[in-house]
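Shown below: start_20.cif, with mmCIF, C-alpha atoms.
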```cif
data_start
#
loop_
_atom_site.label_atom_id
_atom_site.label_comp_id
_atom_site.auth_asym_id
_atom_site.auth_seq_id
_atom_site.Cartn_x
_atom_site.Cartn_y
_atom_site.Cartn_z
CA MET A 6 -162.12 31.23 -93.61
CA ASP A 7 -163.61 32.16 -90.25
CA PHE A 8 -160.73 34.55 -89.45
CA PHE A 9 -160.93 36.39 -92.75
CA VAL A 10 -163.87 36.48 -95.15
CA GLU A 11 -162.91 37.65 -98.63
CA ASP A 12 -166.23 39.36 -99.22
CA LYS A 13 -165.78 41.39 -96.01
CA PHE A 14 -163.33 43.74 -97.73
CA ASN A 15 -162.71 44.88 -101.28
CA LEU A 16 -159.48 43.22 -102.44
CA GLU A 17 -159.54 44.53 -106.00
CA VAL A 18 -156.98 47.10 -107.11
CA ASN A 19 -157.10 49.03 -110.37
CA GLY A 20 -153.47 49.76 -111.22
CA GLU A 21 -154.32 52.45 -113.77
CA GLU A 22 -156.53 54.23 -111.26
CA VAL A 23 -153.78 54.08 -108.64
CA GLY A 24 -151.40 55.60 -111.20
CA ARG A 25 -153.79 58.47 -111.95
CA HIS A 26 -154.25 59.30 -108.28
CA LEU A 27 -150.52 59.15 -107.65
CA ALA A 28 -149.73 61.47 -110.57
CA ARG A 29 -151.93 64.14 -108.99
CA ILE A 30 -150.55 63.49 -105.50
CA LYS A 31 -146.93 63.68 -106.68
CA ASP A 32 -147.60 67.04 -108.35
CA LEU A 33 -149.12 68.34 -105.13
CA ALA A 34 -146.21 67.00 -103.08
CA LEU A 35 -143.69 68.65 -105.41
CA SER A 36 -145.42 72.00 -104.91
CA ARG A 37 -144.85 71.66 -101.16
CA LEU A 38 -141.06 71.44 -101.15
CA GLY A 39 -140.85 74.98 -99.83
CA ASP A 40 -143.51 74.44 -97.15
CA THR A 41 -141.50 74.45 -93.92
CA ASP A 42 -144.44 73.44 -91.77
CA LYS A 43 -145.02 70.26 -93.77
CA LEU A 44 -141.31 69.44 -93.77
CA LYS A 45 -141.33 69.84 -89.99
CA ALA A 46 -144.36 67.57 -89.75
CA CYS A 47 -142.48 64.91 -91.73
CA PHE A 48 -139.50 65.29 -89.42
CA GLY A 49 -141.71 64.85 -86.35
CA SER A 50 -142.98 61.56 -87.80
CA ILE A 51 -139.55 59.95 -88.20
CA ASP A 52 -138.60 56.70 -86.51
CA LEU A 53 -134.88 57.46 -86.35
CA THR A 54 -133.42 54.08 -87.18
CA THR A 55 -130.18 52.16 -86.88
CA LEU A 56 -130.32 48.49 -87.85
CA ASN A 57 -126.74 47.54 -88.65
CA THR A 58 -124.91 44.31 -87.89
CA THR A 59 -122.18 46.43 -86.30
CA ASP A 60 -124.49 48.31 -83.89
CA THR A 61 -123.34 48.38 -80.28
CA ALA A 62 -124.76 49.56 -76.96
CA GLU A 63 -122.61 52.66 -77.44
CA ARG A 64 -124.41 53.31 -80.72
CA GLY A 65 -127.74 53.22 -78.86
CA LYS A 66 -126.40 55.63 -76.26
CA GLN A 67 -125.17 58.03 -78.94
CA PHE A 68 -128.53 57.94 -80.72
CA ALA A 69 -130.33 58.76 -77.46
CA GLU A 70 -127.93 61.57 -76.59
CA LYS A 71 -128.27 63.09 -80.04
CA VAL A 72 -132.04 63.16 -79.66
CA ASN A 73 -131.70 64.59 -76.13
CA GLY A 74 -129.64 67.49 -77.43
CA PHE A 75 -131.76 68.16 -80.47
CA THR A 76 -134.38 70.32 -78.78
CA VAL A 77 -131.60 72.49 -77.33
CA ASP A 78 -129.86 72.98 -80.67
CA PHE A 79 -133.10 73.24 -82.70
CA PRO A 80 -135.72 74.60 -80.27
CA GLU A 81 -138.17 75.48 -83.04
CA MET A 82 -138.25 71.91 -84.37
CA PRO A 83 -140.32 68.94 -83.16
CA SER A 84 -138.41 65.91 -81.92
CA VAL A 85 -138.39 62.72 -83.93
CA ALA A 86 -141.24 60.38 -83.06
CA ALA A 87 -139.11 57.41 -82.01
CA ILE A 88 -135.71 55.79 -81.97
CA CYS A 89 -135.82 52.33 -83.60
CA VAL A 90 -133.08 49.80 -82.81
CA TYR A 91 -132.40 46.09 -82.45
CA PRO A 92 -133.59 44.45 -79.19
CA THR A 93 -130.10 44.35 -77.70
CA LEU A 94 -129.85 48.16 -77.89
CA VAL A 95 -133.20 48.92 -76.25
CA SER A 96 -131.85 49.05 -72.69
CA SER A 97 -129.03 51.38 -73.75
CA VAL A 98 -131.48 53.76 -75.40
CA LYS A 99 -133.83 53.63 -72.42
CA GLU A 100 -131.05 54.37 -69.93
CA ASN A 101 -129.94 57.45 -71.87
CA LEU A 102 -133.06 58.87 -73.54
CA LYS A 103 -134.33 61.99 -71.75
CA ALA A 104 -136.22 63.74 -74.57
CA LYS A 105 -139.92 63.92 -73.76
CA GLY A 106 -142.41 62.23 -76.04
CA VAL A 107 -139.88 60.18 -78.01
CA LYS A 108 -140.78 56.49 -78.14
CA ILE A 109 -138.38 53.57 -78.04
CA ALA A 110 -139.17 51.19 -80.89
CA SER A 111 -137.49 47.88 -81.61
CA VAL A 112 -137.63 45.33 -84.36
CA ALA A 113 -138.42 41.86 -83.04
CA ALA A 114 -139.88 38.44 -83.84
CA GLY A 115 -137.12 37.19 -86.10
CA PHE A 116 -136.54 40.45 -87.96
CA PRO A 117 -135.83 40.84 -90.86
CA SER A 118 -136.63 37.43 -92.37
CA SER A 119 -139.27 36.21 -89.88
CA GLN A 120 -137.84 32.74 -90.54
CA THR A 121 -137.81 31.23 -87.07
CA PHE A 122 -140.19 29.40 -84.76
CA LEU A 123 -143.25 31.21 -83.43
CA GLU A 124 -142.30 30.39 -79.84
CA ILE A 125 -138.99 32.18 -80.36
CA LYS A 126 -140.73 35.16 -81.96
CA LEU A 127 -143.11 35.49 -79.01
CA SER A 128 -140.27 35.11 -76.53
CA GLU A 129 -138.22 37.78 -78.31
CA CYS A 130 -141.21 40.15 -78.21
CA ARG A 131 -141.65 39.59 -74.47
CA MET A 132 -137.94 40.09 -73.79
CA THR A 133 -137.78 43.23 -75.96
CA ILE A 134 -140.75 44.77 -74.19
CA GLY A 135 -139.16 43.80 -70.89
CA GLN A 136 -136.08 45.80 -71.83
CA GLY A 137 -138.25 48.91 -72.17
CA ALA A 138 -139.52 49.07 -75.76
CA ASP A 139 -142.67 51.17 -76.24
CA GLU A 140 -143.30 49.73 -79.72
CA ILE A 141 -142.25 46.66 -81.65
CA ASP A 142 -141.89 46.28 -85.42
CA VAL A 143 -142.42 42.72 -86.68
CA VAL A 144 -142.47 41.08 -90.11
CA ILE A 145 -145.29 38.85 -91.32
CA PRO A 146 -144.20 35.30 -92.25
CA VAL A 147 -143.86 36.20 -95.92
CA GLY A 148 -143.15 32.61 -96.96
CA SER A 149 -146.44 31.46 -95.44
CA PHE A 150 -148.28 34.29 -97.18
CA LEU A 151 -146.75 33.48 -100.57
CA GLN A 152 -147.74 29.83 -100.34
CA GLY A 153 -151.31 30.79 -99.46
CA ASP A 154 -151.23 29.85 -95.78
CA LEU A 155 -153.14 32.93 -94.70
CA TYR A 156 -154.25 31.39 -91.43
CA SER A 157 -150.63 31.16 -90.25
CA VAL A 158 -150.08 34.83 -91.10
CA PHE A 159 -153.20 35.91 -89.24
CA SER A 160 -152.58 33.64 -86.25
CA GLU A 161 -148.97 34.69 -85.83
CA VAL A 162 -149.71 38.43 -85.89
CA LYS A 163 -152.65 37.90 -83.51
CA GLN A 164 -150.48 36.02 -81.01
CA ILE A 165 -147.75 38.67 -81.22
CA LYS A 166 -150.29 41.42 -80.55
CA GLU A 167 -151.75 39.46 -77.63
CA THR A 168 -148.23 39.07 -76.23
CA ALA A 169 -147.53 42.79 -76.68
CA GLY A 170 -150.74 43.92 -75.02
CA ASP A 171 -150.86 47.73 -74.90
CA ILE A 172 -147.47 48.01 -76.62
CA HIS A 173 -147.96 49.18 -80.20
CA VAL A 174 -147.20 46.58 -82.86
CA LYS A 175 -146.14 47.76 -86.31
CA VAL A 176 -146.58 44.91 -88.78
CA ILE A 177 -144.18 44.89 -91.74
CA LEU A 178 -145.67 43.47 -94.93
CA GLU A 179 -142.38 43.47 -96.91
CA THR A 180 -144.35 44.80 -99.86
CA GLY A 181 -141.45 44.47 -102.30
CA ALA A 182 -141.65 40.69 -101.94
CA LEU A 183 -145.40 40.53 -102.62
CA PRO A 184 -146.30 39.82 -106.25
CA SER A 185 -149.05 42.40 -106.82
CA LEU A 186 -150.92 45.36 -105.37
CA LYS A 187 -153.85 43.02 -104.68
CA GLU A 188 -151.63 40.88 -102.45
CA ILE A 189 -150.44 44.03 -100.66
CA LYS A 190 -154.07 44.91 -99.97
CA LEU A 191 -154.83 41.40 -98.76
CA ALA A 192 -151.81 41.41 -96.44
CA SER A 193 -152.91 44.80 -95.08
CA PHE A 194 -156.36 43.51 -94.16
CA LEU A 195 -154.93 40.33 -92.63
CA ALA A 196 -152.57 42.31 -90.40
CA MET A 197 -155.27 44.74 -89.32
CA GLU A 198 -157.80 41.98 -88.62
CA ALA A 199 -155.15 40.32 -86.44
CA GLY A 200 -154.72 43.47 -84.35
CA ALA A 201 -151.89 45.48 -85.95
CA ASP A 202 -151.64 49.03 -84.61
CA PHE A 203 -149.65 50.10 -87.69
CA ILE A 204 -148.97 48.52 -91.04
CA LYS A 205 -145.52 49.15 -92.44
CA THR A 206 -144.11 48.64 -95.92
CA SER A 207 -140.65 47.20 -95.56
CA THR A 208 -137.68 46.08 -93.52
CA GLY A 209 -135.30 48.07 -95.70
CA LYS A 210 -133.36 44.85 -96.28
CA LEU A 211 -135.02 43.94 -99.61
CA GLU A 212 -135.59 45.86 -102.82
CA PRO A 213 -137.88 47.44 -103.70
CA ALA A 214 -138.61 48.86 -100.26
CA ALA A 215 -141.31 51.52 -99.80
CA THR A 216 -143.06 52.65 -102.98
CA PRO A 217 -145.85 55.20 -103.47
CA GLU A 218 -147.99 52.51 -105.10
CA ALA A 219 -147.73 50.21 -102.09
CA VAL A 220 -148.41 53.00 -99.60
CA PHE A 221 -151.41 54.24 -101.60
CA VAL A 222 -152.95 50.76 -101.60
CA MET A 223 -152.20 50.27 -97.90
CA CYS A 224 -153.89 53.60 -97.13
CA THR A 225 -156.99 52.64 -99.11
CA ALA A 226 -157.13 49.42 -97.08
CA ILE A 227 -156.77 51.38 -93.82
CA LYS A 228 -159.58 53.70 -94.92
CA GLU A 229 -161.94 50.82 -95.71
CA TYR A 230 -161.00 49.04 -92.50
CA PHE A 231 -161.76 52.17 -90.45
CA GLU A 232 -165.09 52.68 -92.21
CA LYS A 233 -166.14 49.12 -91.31
CA THR A 234 -164.66 48.80 -87.82
CA ASN A 235 -164.20 52.37 -86.53
CA ARG A 236 -160.62 51.45 -85.53
CA LYS A 237 -157.81 53.68 -86.77
CA VAL A 238 -154.65 51.87 -87.87
CA GLY A 239 -151.43 53.76 -88.56
CA ILE A 240 -149.21 53.67 -91.64
CA LYS A 241 -145.41 53.57 -91.78
CA PRO A 242 -143.56 53.88 -95.09
CA ALA A 243 -140.05 52.56 -94.42
CA GLY A 244 -137.02 51.60 -96.45
CA GLY A 245 -135.38 53.90 -98.96
CA VAL A 246 -137.12 57.06 -97.74
CA VAL A 247 -134.21 59.47 -98.02
CA THR A 248 -135.16 62.83 -99.54
CA SER A 249 -137.61 65.54 -98.53
CA SER A 250 -139.49 65.08 -101.79
CA GLU A 251 -139.96 61.36 -101.07
CA ALA A 252 -141.17 62.10 -97.55
CA LEU A 253 -143.65 64.67 -98.87
CA VAL A 254 -145.06 62.17 -101.36
CA TYR A 255 -145.89 59.77 -98.52
CA TYR A 256 -147.19 62.60 -96.32
CA THR A 257 -149.46 63.73 -99.15
CA ILE A 258 -150.71 60.20 -99.90
CA VAL A 259 -151.78 59.84 -96.27
CA GLU A 260 -153.40 63.27 -96.29
CA GLN A 261 -155.29 62.73 -99.54
CA VAL A 262 -156.49 59.18 -98.84
CA LEU A 263 -156.97 59.16 -95.06
CA GLY A 264 -157.25 62.82 -94.14
CA SER A 265 -155.36 65.22 -91.91
CA SER A 266 -156.36 63.37 -88.72
CA TRP A 267 -153.85 60.65 -89.69
CA LEU A 268 -150.97 63.14 -89.97
CA SER A 269 -149.68 62.84 -86.43
CA PRO A 270 -147.00 60.52 -85.02
CA ASP A 271 -149.77 58.46 -83.41
CA LEU A 272 -150.81 57.27 -86.88
CA PHE A 273 -148.09 58.27 -89.35
CA ARG A 274 -144.42 57.36 -89.18
CA LEU A 275 -141.52 57.42 -91.60
CA GLY A 276 -138.87 54.76 -91.07
CA ALA A 277 -135.56 56.33 -92.02
CA SER A 278 -131.90 56.66 -91.11
CA ARG A 279 -130.80 59.34 -93.60
CA LEU A 280 -133.98 61.39 -94.00
CA ALA A 281 -133.57 63.50 -90.85
CA ASN A 282 -130.48 65.41 -92.00
CA ASN A 283 -131.93 65.95 -95.48
CA LEU A 284 -135.13 67.41 -94.05
CA LEU A 285 -133.13 69.65 -91.72
CA SER A 286 -130.99 70.84 -94.63
CA ASP A 287 -134.06 71.74 -96.69
CA ILE A 288 -135.80 73.42 -93.76
CA TYR A 289 -132.79 75.59 -92.93
CA GLY A 290 -131.51 76.12 -96.47
CA ARG A 291 -128.01 74.89 -95.63
CA ALA A 292 -126.26 71.57 -95.17
CA VAL A 293 -127.10 70.10 -91.75
CA SER A 294 -125.47 66.87 -90.52
CA TYR A 295 -126.76 66.62 -86.97
CA PHE A 296 -127.61 62.91 -86.86
#
```

Written as structure tokens, how would this file's structure read?
Amino acid sequence: MDFFVEDKFNLEVNGEEVGRHLARIKDLALSRLGDTDKLKACFGSIDLTTLNTTDTAERGKQFAEKVNGFTVDFPEMPSVAAICVYPTLVSSVKENLKAKGVKIASVAAGFPSSQTFLEIKLSECRMTIGQGADEIDVVIPVGSFLQGDLYSVFSEVKQIKETAGDIHVKVILETGALPSLKEIKLASFLAMEAGADFIKTSTGKLEPAATPEAVFVMCTAIKEYFEKTNRKVGIKPAGGVVTSSEALVYYTIVEQVLGSSWLSPDLFRLGASRLANNLLSDIYGRAVSYF
């Protein structure tokens, strides 16, 4: 394959070794539950997400206004990294978002199934960016990947990234649908070779969603890719990330595998809709239901 040479990267994964590393990482993460600074760092990496069939433009406005008011009500906290919505809500968020530094992210390209024509995916990406999205989250064609058509996966992501230009593209692997950790690693390298700015675990629409095993393997792929290309690619665990302890596990995986330079919103995001209030509650030691 001229677009992807198997001997260019190490595709092997030792499941027992992954388990040993994760046991140590989970113990370290558990010891950090009282570390307010790390909980705040997790909060500042959140893509605050609403992806419901019932979402309206008013929902987008409310999300933006909540984020606008957050720095007033919680001045010692960082803002979330981004608001993530469907394409039809992007303009509503853009019209109402005043908080500095908060990105507008949108799912696109046939999310969540990726089961439509490439021309439509590219058109949706262009239209979403035209509405004001700073970032787009897209799903690989999982069906093509599962039947071994790796060229289609690579080509599609490459064309989406070319369409997006300087707009960051987060490529969702839908790791819960991939049959093994080796396939997760392969999909990671394919997405990065095609130009992904981030690789992301899940849509949140299938189970399992994010898992520590998947994120660990994705981080090892990112590390190897950086060592061979000198290009940093971000990581976004998403789907089912609800509690502070879960967030800290992913934070600690990134820290231990990739290093502290990856622990900024430029390279580390958490896709979540319920995590924000749980982190706030643990930081302040009382129930907080702001979002």

Of the listed residues A:Lys45, A:Lys187, A:Lys71, A:His26, that which approaches Asn283 (chain A) most closely, counting only C-alpha atoms: A:Lys45

Residues near region 140-149 of chain A, cut-off 9 Å, all atoms listed in the file, skip fewer than 2 positions along chain, as an MDAnalysis selection string: chainID A and resid 89 108:120 130 133:134 138 151:159 161:162 165 169 172:179 182:183 192 196 203 205 207:208

Coordinates of box centre and edge lengths for region 234-242 of chain A, 8 Å on every side, axis-aligned, as lines of an AutoDock Vina configuration file:
```
center_x = -154.1
center_y = 51.3
center_z = -90.3
size_x = 37.1
size_y = 21.1
size_z = 25.6
```

Atomic separation - CA of Ile204 (chain A) relative to CA of Thr58 (chain A), Å: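 Going from CA of Thr58 (chain A) over to CA of Ile204 (chain A) covers 24.6 Å.
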
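Residues with any atom within 7 Å of Val85 (chain A), counting only C-alpha atoms and excluding same-chain neighbours fewer than 6 positions away, are Phe48, Gly49, Ser50, Ile51, Asp52, Leu53 and Val107 of chain A.
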
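The closest residue to Glu124 (chain A), picked from A:Val247, A:Leu38, A:Phe150, A:Gln164 and counting only C-alpha atoms, is A:Gln164.
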
Point (-140.8, 48.1, -101.9), cut-off 9 Å, counting all atoms listed in the file, residues as a PDB file with C-alpha atoms, in the frame of the given file:
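Result went into result04.pdb, see below:
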```
ATOM      1  CA  GLU A 179    -142.380  43.470 -96.910  1.00  0.00           C
ATOM      2  CA  THR A 180    -144.350  44.800 -99.860  1.00  0.00           C
ATOM      3  CA  GLY A 181    -141.450  44.470-102.300  1.00  0.00           C
ATOM      4  CA  ALA A 182    -141.650  40.690-101.940  1.00  0.00           C
ATOM      5  CA  LEU A 183    -145.400  40.530-102.620  1.00  0.00           C
ATOM      6  CA  THR A 206    -144.110  48.640 -95.920  1.00  0.00           C
ATOM      7  CA  SER A 207    -140.650  47.200 -95.560  1.00  0.00           C
ATOM      8  CA  GLY A 209    -135.300  48.070 -95.700  1.00  0.00           C
ATOM      9  CA  LEU A 211    -135.020  43.940 -99.610  1.00  0.00           C
ATOM     10  CA  GLU A 212    -135.590  45.860-102.820  1.00  0.00           C
ATOM     11  CA  PRO A 213    -137.880  47.440-103.700  1.00  0.00           C
ATOM     12  CA  ALA A 214    -138.610  48.860-100.260  1.00  0.00           C
ATOM     13  CA  ALA A 215    -141.310  51.520 -99.800  1.00  0.00           C
ATOM     14  CA  THR A 216    -143.060  52.650-102.980  1.00  0.00           C
ATOM     15  CA  PRO A 217    -145.850  55.200-103.470  1.00  0.00           C
ATOM     16  CA  ALA A 219    -147.730  50.210-102.090  1.00  0.00           C
ATOM     17  CA  ALA A 243    -140.050  52.560 -94.420  1.00  0.00           C
ATOM     18  CA  GLY A 244    -137.020  51.600 -96.450  1.00  0.00           C
ATOM     19  CA  GLY A 245    -135.380  53.900 -98.960  1.00  0.00           C
TER      20      GLY A 245
END
```

Residues within 9 Å of Arg37 (chain A), only C-alpha atoms, excluding chain neighbours under 6 positions, as a ChimeraX atom specification: /A:43-44,250,253

If you keep C-alpha atoms, can you produce a file of those selected residues as a PDB file, keeping the file's coordinate frame?
```
ATOM      1  CA  LYS A  43    -145.020  70.260 -93.770  1.00  0.00           C
ATOM      2  CA  LEU A  44    -141.310  69.440 -93.770  1.00  0.00           C
ATOM      3  CA  SER A 250    -139.490  65.080-101.790  1.00  0.00           C
ATOM      4  CA  LEU A 253    -143.650  64.670 -98.870  1.00  0.00           C
TER       5      LEU A 253
END
```

Pick from A:Val222, A:Leu195, A:Leu16, A:Met132, whichever lies nearest to Ser160 (chain A) using all atoms listed in the file: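 Smallest distance to Ser160 (chain A) is found for A:Leu195.
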
Selection: 10 Å around Val18 (chain A), only C-alpha atoms, excl. self and same-chain fewer than 5 positions, as a PyMOL selection string: chain A and resi 23+185-190+222+225

CA of Ile240 (chain A) to CA of Asn101 (chain A), straight-line distance in Å: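 Result for CA of Asn101 (chain A) versus CA of Ile240 (chain A): 27.9 Å, one decimal.
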
Using the chain letters and numbers from this file, what does the PyMOL selection byres ((chain A and resi 261-272) around 8) select? Give the answer as a PDB file with C-alpha atoms, keeping the file's coordinate frame.
```
ATOM      1  CA  ILE A  30    -150.550  63.490-105.500  1.00  0.00           C
ATOM      2  CA  ALA A  46    -144.360  67.570 -89.750  1.00  0.00           C
ATOM      3  CA  GLY A  49    -141.710  64.850 -86.350  1.00  0.00           C
ATOM      4  CA  SER A  50    -142.980  61.560 -87.800  1.00  0.00           C
ATOM      5  CA  ALA A  86    -141.240  60.380 -83.060  1.00  0.00           C
ATOM      6  CA  PHE A 203    -149.650  50.100 -87.690  1.00  0.00           C
ATOM      7  CA  PHE A 221    -151.410  54.240-101.600  1.00  0.00           C
ATOM      8  CA  CYS A 224    -153.890  53.600 -97.130  1.00  0.00           C
ATOM      9  CA  THR A 225    -156.990  52.640 -99.110  1.00  0.00           C
ATOM     10  CA  ILE A 227    -156.770  51.380 -93.820  1.00  0.00           C
ATOM     11  CA  LYS A 228    -159.580  53.700 -94.920  1.00  0.00           C
ATOM     12  CA  LYS A 237    -157.810  53.680 -86.770  1.00  0.00           C
ATOM     13  CA  VAL A 238    -154.650  51.870 -87.870  1.00  0.00           C
ATOM     14  CA  GLY A 239    -151.430  53.760 -88.560  1.00  0.00           C
ATOM     15  CA  ILE A 240    -149.210  53.670 -91.640  1.00  0.00           C
ATOM     16  CA  TYR A 256    -147.190  62.600 -96.320  1.00  0.00           C
ATOM     17  CA  THR A 257    -149.460  63.730 -99.150  1.00  0.00           C
ATOM     18  CA  ILE A 258    -150.710  60.200 -99.900  1.00  0.00           C
ATOM     19  CA  VAL A 259    -151.780  59.840 -96.270  1.00  0.00           C
ATOM     20  CA  GLU A 260    -153.400  63.270 -96.290  1.00  0.00           C
ATOM     21  CA  PHE A 273    -148.090  58.270 -89.350  1.00  0.00           C
ATOM     22  CA  ARG A 274    -144.420  57.360 -89.180  1.00  0.00           C
TER      23      ARG A 274
END
```

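Interatomic distance, CA of Gly20 (chain A) to CA of Thr234 (chain A): 26.0 Å.
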
Reference answer for the PyMOL selection byres ((chain A and resi 100) around 12), as a list in words: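 For this structure, the PyMOL selection byres ((chain A and resi 100) around 12) captures Ala62, Glu63, Gly65, Lys66, Gln67, Phe68, Ala69, Glu70, Asn73, Leu94, Val95, Ser96, Ser97, Val98, Lys99, Asn101, Leu102, Lys103, Ala104, Ile109, Gln136, Gly137 and Ala138 of chain A.
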
Nearby residues (all atoms listed in the file) at most 10 Å from Lys105 (chain A), same-chain spacing under 6 positions excluded, as a ChimeraX atom specification: /A:72-73,76,84

Take the residues from that selection and write them out as a compact mmCIF listing (two decimals), in the coordinates of the input, keeping C-alpha atoms.
```
# COMPACT_ATOMS: atom_id res chain seq x y z
CA VAL A 72 -132.04 63.16 -79.66
CA ASN A 73 -131.70 64.59 -76.13
CA THR A 76 -134.38 70.32 -78.78
CA SER A 84 -138.41 65.91 -81.92
```

Pick from A:Ser278, A:Thr248, A:Asn15, A:Ser193 nearest to Val90 (chain A), counting all atoms listed in the file: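 Of the candidates, the smallest distance to Val90 (chain A) is held by A:Ser278.
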
Residue with smallest distance to Asp32 (chain A) - pool A:Val254, A:Val293, A:Val77, A:Met197, counting all atoms listed in the file: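 Comparing A:Val254, A:Val293, A:Val77, A:Met197 against Asp32 (chain A), the winner is A:Val254.
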
Among listed residues A:Asp12, A:Glu17, A:Asp42, A:Asp139, nearest Asp287 (chain A) (using all atoms listed in the file):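 Of all the options, A:Asp42 lies closest to Asp287 (chain A).
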